[in-house]
file final-v5.cif (mmCIF, C-alpha atoms)
data_final
loop_
_atom_site.group_PDB
_atom_site.id
_atom_site.type_symbol
_atom_site.label_atom_id
_atom_site.label_comp_id
_atom_site.auth_asym_id
_atom_site.auth_seq_id
_atom_site.Cartn_x
_atom_site.Cartn_y
_atom_site.Cartn_z
ATOM 1 C CA GLY A 1 21.956 1.992 -7.192
ATOM 2 C CA LEU A 2 21.210 4.341 -4.299
ATOM 3 C CA GLY A 3 17.930 2.709 -3.382
ATOM 4 C CA SER A 4 14.698 4.474 -2.573
ATOM 5 C CA PRO A 5 13.193 5.662 0.696
ATOM 6 C CA ASP A 6 9.777 4.241 -0.132
ATOM 7 C CA ARG A 7 11.272 0.736 -0.274
ATOM 8 C CA LEU A 8 12.322 0.989 3.372
ATOM 9 C CA PHE A 9 9.876 0.092 6.135
ATOM 10 C CA TYR A 10 10.669 3.258 8.089
ATOM 11 C CA TYR A 11 13.300 5.964 7.912
ATOM 12 C CA TYR A 12 14.174 9.163 9.718
ATOM 13 C CA ALA A 13 14.069 12.665 8.240
ATOM 14 C CA GLU A 14 17.875 12.664 7.961
ATOM 15 C CA THR A 15 17.735 9.523 5.825
ATOM 16 C CA LEU A 16 15.272 11.118 3.419
ATOM 17 C CA LEU A 17 17.422 14.233 3.117
ATOM 18 C CA SER A 18 20.464 12.042 2.543
ATOM 19 C CA PHE A 19 18.661 10.364 -0.369
ATOM 20 C CA ALA A 20 17.727 13.788 -1.757
ATOM 21 C CA LYS A 21 21.341 14.962 -1.550
ATOM 22 C CA GLU A 22 22.740 11.793 -3.111
ATOM 23 C CA TYR A 23 20.262 11.811 -6.004
ATOM 24 C CA GLY A 24 21.361 15.247 -7.178
ATOM 25 C CA GLU A 25 19.115 17.632 -9.101
ATOM 26 C CA ASP A 26 18.453 15.345 -12.073
ATOM 27 C CA GLY A 27 17.999 12.299 -9.868
ATOM 28 C CA ARG A 28 15.437 14.065 -7.683
ATOM 29 C CA HIS A 29 13.407 15.094 -10.730
ATOM 30 C CA ALA A 30 13.595 11.557 -12.141
ATOM 31 C CA TYR A 31 12.538 10.168 -8.760
ATOM 32 C CA VAL A 32 9.470 12.436 -8.656
ATOM 33 C CA ARG A 33 8.513 11.562 -12.256
ATOM 34 C CA THR A 34 8.692 7.874 -11.376
ATOM 35 C CA ARG A 35 6.558 8.316 -8.249
ATOM 36 C CA ILE A 36 3.923 10.334 -10.089
ATOM 37 C CA THR A 37 3.664 7.826 -12.956
ATOM 38 C CA HIS A 38 4.803 4.269 -12.223
ATOM 39 C CA ASP A 39 4.338 4.186 -8.475
ATOM 40 C CA ILE A 40 0.788 5.555 -8.579
ATOM 41 C CA GLY A 41 -0.041 3.107 -11.366
ATOM 42 C CA TRP A 42 1.383 0.196 -9.398
ATOM 43 C CA SER A 43 -0.551 1.286 -6.289
ATOM 44 C CA LEU A 44 -3.795 1.294 -8.247
ATOM 45 C CA VAL A 45 -3.024 -2.159 -9.650
ATOM 46 C CA TYR A 46 -2.284 -3.843 -6.320
ATOM 47 C CA ALA A 47 -5.157 -2.112 -4.507
ATOM 48 C CA GLY A 48 -7.585 -2.945 -7.297
ATOM 49 C CA PHE A 49 -6.430 -6.551 -7.446
ATOM 50 C CA LEU A 50 -6.753 -7.068 -3.695
ATOM 51 C CA CYS A 51 -10.168 -5.339 -3.609
ATOM 52 C CA LEU A 52 -11.423 -7.580 -6.427
ATOM 53 C CA VAL A 53 -10.101 -10.812 -4.919
ATOM 54 C CA ILE A 54 -11.515 -10.030 -1.482
ATOM 55 C CA SER A 55 -14.843 -8.982 -3.043
ATOM 56 C CA TYR A 56 -15.045 -12.180 -5.075
ATOM 57 C CA ALA A 57 -14.198 -14.430 -2.129
ATOM 58 C CA ASN A 58 -16.615 -12.623 0.190
ATOM 59 C CA THR A 59 -19.431 -12.669 -2.373
ATOM 60 C CA ILE A 60 -19.139 -16.438 -2.637
ATOM 61 C CA SER A 61 -18.731 -17.215 1.044
ATOM 62 C CA LEU A 62 -20.591 -14.520 3.006
ATOM 63 C CA PRO A 63 -24.221 -13.417 3.141
ATOM 64 C CA ARG A 64 -24.896 -10.234 1.167
ATOM 65 C CA ASP A 65 -25.884 -8.286 4.269
ATOM 66 C CA SER A 66 -22.768 -9.306 6.231
ATOM 67 C CA ARG A 67 -20.688 -6.400 7.484
ATOM 68 C CA LEU A 68 -17.628 -8.475 6.581
ATOM 69 C CA GLN A 69 -18.405 -7.745 2.922
ATOM 70 C CA GLN A 70 -16.751 -4.371 3.576
ATOM 71 C CA LEU A 71 -13.362 -6.006 4.140
ATOM 72 C CA ASN A 72 -12.797 -5.456 0.428
ATOM 73 C CA LEU A 73 -12.223 -1.777 1.257
ATOM 74 C CA ILE A 74 -9.105 -2.483 3.339
ATOM 75 C CA PRO A 75 -6.731 -2.228 0.316
ATOM 76 C CA LEU A 76 -7.854 1.373 -0.196
ATOM 77 C CA VAL A 77 -6.074 2.338 3.045
ATOM 78 C CA PRO A 78 -2.550 1.498 1.807
ATOM 79 C CA LEU A 79 -3.458 3.181 -1.484
ATOM 80 C CA PHE A 80 -4.201 6.354 0.492
ATOM 81 C CA PHE A 81 -0.934 6.136 2.459
ATOM 82 C CA ASP A 82 1.081 5.319 -0.672
ATOM 83 C CA THR A 83 -0.350 8.360 -2.444
ATOM 84 C CA LEU A 84 0.291 10.557 0.590
ATOM 85 C CA GLU A 85 3.831 9.196 0.832
ATOM 86 C CA ASN A 86 4.467 9.975 -2.856
ATOM 87 C CA LEU A 87 3.124 13.492 -2.438
ATOM 88 C CA ILE A 88 5.218 14.226 0.666
ATOM 89 C CA ILE A 89 8.437 12.764 -0.735
ATOM 90 C CA SER A 90 7.899 14.610 -4.027
ATOM 91 C CA ILE A 91 7.544 17.923 -2.188
ATOM 92 C CA VAL A 92 10.707 17.203 -0.203
ATOM 93 C CA MET A 93 12.657 16.198 -3.328
ATOM 94 C CA LEU A 94 11.508 19.150 -5.433
ATOM 95 C CA SER A 95 12.195 21.736 -2.750
ATOM 96 C CA PHE A 96 15.611 20.361 -1.708
ATOM 97 C CA PRO A 97 17.918 21.863 -0.386
ATOM 98 C CA GLU A 98 15.161 23.792 1.359
ATOM 99 C CA THR A 99 13.764 21.532 4.056
ATOM 100 C CA TRP A 100 10.323 21.009 5.523
ATOM 101 C CA PRO A 101 10.912 19.570 9.026
ATOM 102 C CA LEU A 102 7.342 18.350 9.493
ATOM 103 C CA LEU A 103 7.113 16.783 6.025
ATOM 104 C CA ASN A 104 10.561 15.218 6.429
ATOM 105 C CA ARG A 105 9.318 13.441 9.575
ATOM 106 C CA LEU A 106 5.912 12.568 8.134
ATOM 107 C CA ALA A 107 7.471 10.853 5.111
ATOM 108 C CA GLY A 108 8.867 7.977 7.184
ATOM 109 C CA ILE A 109 5.609 7.644 9.127
ATOM 110 C CA THR A 110 3.501 7.439 5.961
ATOM 111 C CA THR A 111 5.882 4.861 4.511
ATOM 112 C CA ALA A 112 5.601 2.697 7.637
ATOM 113 C CA ALA A 113 1.808 3.110 7.645
ATOM 114 C CA LYS A 114 1.693 2.104 3.966
ATOM 115 C CA TRP A 115 3.669 -1.096 4.584
ATOM 116 C CA CYS A 116 1.606 -2.013 7.654
ATOM 117 C CA MET A 117 -1.592 -1.545 5.666
ATOM 118 C CA VAL A 118 -0.220 -3.507 2.690
ATOM 119 C CA ILE A 119 0.485 -6.396 5.063
ATOM 120 C CA LEU A 120 -3.004 -6.081 6.564
ATOM 121 C CA SER A 121 -4.538 -6.056 3.064
ATOM 122 C CA ILE A 122 -2.671 -9.198 2.049
ATOM 123 C CA PHE A 123 -3.718 -10.861 5.300
ATOM 124 C CA ALA A 124 -7.371 -9.887 4.679
ATOM 125 C CA CYS A 125 -7.109 -11.320 1.170
ATOM 126 C CA MET A 126 -5.634 -14.583 2.461
ATOM 127 C CA CYS A 127 -8.352 -14.852 5.123
ATOM 128 C CA ALA A 128 -11.130 -14.193 2.591
ATOM 129 C CA LEU A 129 -9.716 -16.789 0.193
ATOM 130 C CA GLY A 130 -9.128 -19.278 3.004
ATOM 131 C CA TYR A 131 -12.680 -18.904 4.278
ATOM 132 C CA MET A 132 -14.062 -19.254 0.752
ATOM 133 C CA PHE A 133 -12.102 -22.486 0.190
ATOM 134 C CA LEU A 134 -13.172 -23.872 3.581
ATOM 135 C CA LYS A 135 -16.831 -23.185 2.777
ATOM 136 C CA ARG A 136 -16.436 -24.852 -0.610
ATOM 137 C CA MET A 137 -14.748 -27.891 0.914
ATOM 138 C CA LYS A 138 -17.463 -28.161 3.546
ATOM 139 C CA LYS A 139 -20.131 -27.946 0.837
ATOM 140 C CA SER A 140 -18.313 -30.583 -1.201
ATOM 141 C CA PHE A 141 -18.157 -32.981 1.765
ATOM 142 C CA ARG A 142 -21.869 -32.534 2.403
ATOM 143 C CA LYS A 143 -22.667 -33.509 -1.191
ATOM 144 C CA ARG A 144 -20.623 -36.713 -0.859
ATOM 145 C CA SER A 145 -22.282 -37.733 2.386
#

call {"tool": "encode", "arguments": {"input": "final-v5.cif", "output": "structure tokens"}}
result
Amino acid sequence: GLGSPDRLFYYYAETLLSFAKEYGEDGRHAYVRTRITHDIGWSLVYAGFLCLVISYANTISLPRDSRLQQLNLIPLVPLFFDTLENLIISIVMLSFPETWPLLNRLAGITTAAKWCMVILSIFACMCALGYMFLKRMKKSFRKRS
């Protein structure tokens, strides 16, 4: 019931250390196990799903040589930041009560970067799908005319 720092949009180093203190030794180890297993798995699922959907929509609606075909790579950016966030927070949790001032600060920055890139990935997916549907509708209207 304490929450999790990676669910916040941004947090300060003191907030991360407060989580580490509140979790206790067993809680910190459980937190790290969860990040290394479930969270990485979930990151791969959402990044893979968004990459596939964007790829599919772009393949249908864009020319093969269009540079916009590469928009399907956008979801790999939040995957990178999510993995970096998990690594940094795991180091902080496992070494607590010893602190790493730089890593403590970087944790909140990587979390904010992850969420910004997740939002950008979802937006790219919506744009790709929207463009695909518009092209299909336009094609359908041409056939009727």

call {"tool": "resolve_selection", "arguments": {"input": "final-v5.cif", "expression": "the PyMOL selection byres ((chain A and resi 16) around 10)", "output": "short mmCIF file (atom, residue, chain, number, x, y, z; two decimals) with C-alpha atoms, in the coordinates of the input"}}
result
data_model
loop_
_atom_site.label_atom_id
_atom_site.label_comp_id
_atom_site.auth_asym_id
_atom_site.auth_seq_id
_atom_site.Cartn_x
_atom_site.Cartn_y
_atom_site.Cartn_z
CA SER A 4 14.70 4.47 -2.57
CA PRO A 5 13.19 5.66 0.70
CA ASP A 6 9.78 4.24 -0.13
CA TYR A 11 13.30 5.96 7.91
CA TYR A 12 14.17 9.16 9.72
CA ALA A 13 14.07 12.66 8.24
CA GLU A 14 17.88 12.66 7.96
CA THR A 15 17.74 9.52 5.82
CA LEU A 17 17.42 14.23 3.12
CA SER A 18 20.46 12.04 2.54
CA PHE A 19 18.66 10.36 -0.37
CA ALA A 20 17.73 13.79 -1.76
CA LYS A 21 21.34 14.96 -1.55
CA GLU A 22 22.74 11.79 -3.11
CA ILE A 89 8.44 12.76 -0.74
CA VAL A 92 10.71 17.20 -0.20
CA MET A 93 12.66 16.20 -3.33
CA ASN A 104 10.56 15.22 6.43
CA ARG A 105 9.32 13.44 9.57
CA ALA A 107 7.47 10.85 5.11
CA GLY A 108 8.87 7.98 7.18
#

call {"tool": "closest_residue", "arguments": {"input": "final-v5.cif", "among": "A:Ile88, A:Leu106, A:Ala112, A:Leu62", "to": "Arg35 of chain A", "atoms": "only C-alpha atoms"}}
result
A:Ile88

call {"tool": "atom_distance", "arguments": {"input": "final-v5.cif", "atom1": "atom CA of Val53 of chain A", "atom2": "atom CA of Met137 of chain A"}}
result
18.6 Å

call {"tool": "atom_distance", "arguments": {"input": "final-v5.cif", "atom1": "atom CA of Thr111 of chain A", "atom2": "atom CA of Ala57 of chain A"}}
result
28.6 Å

call {"tool": "resolve_selection", "arguments": {"input": "final-v5.cif", "expression": "the PyMOL selection byres ((chain A and resi 83) around 12)", "output": "number ranges by chain"}}
result
A: 6, 35-44, 47, 76-82, 84-90, 107, 110-111, 113-114

call {"tool": "atom_distance", "arguments": {"input": "final-v5.cif", "atom1": "atom CA of Leu50 of chain A", "atom2": "atom CA of Ile122 of chain A"}}
result
7.4 Å

call {"tool": "resolve_selection", "arguments": {"input": "final-v5.cif", "expression": "the PyMOL selection byres ((chain A and resi 69-75) around 8)", "output": "JSON, numbers by chain"}}
result
{"A": [47, 48, 50, 51, 52, 54, 55, 58, 59, 62, 64, 65, 66, 67, 68, 76, 77, 78, 79, 117, 118, 120, 121, 124]}

call {"tool": "closest_residue", "arguments": {"input": "final-v5.cif", "among": "A:Arg142, A:Leu94, A:Leu134, A:Cys125", "to": "Phe49 of chain A", "atoms": "only C-alpha atoms"}}
result
A:Cys125
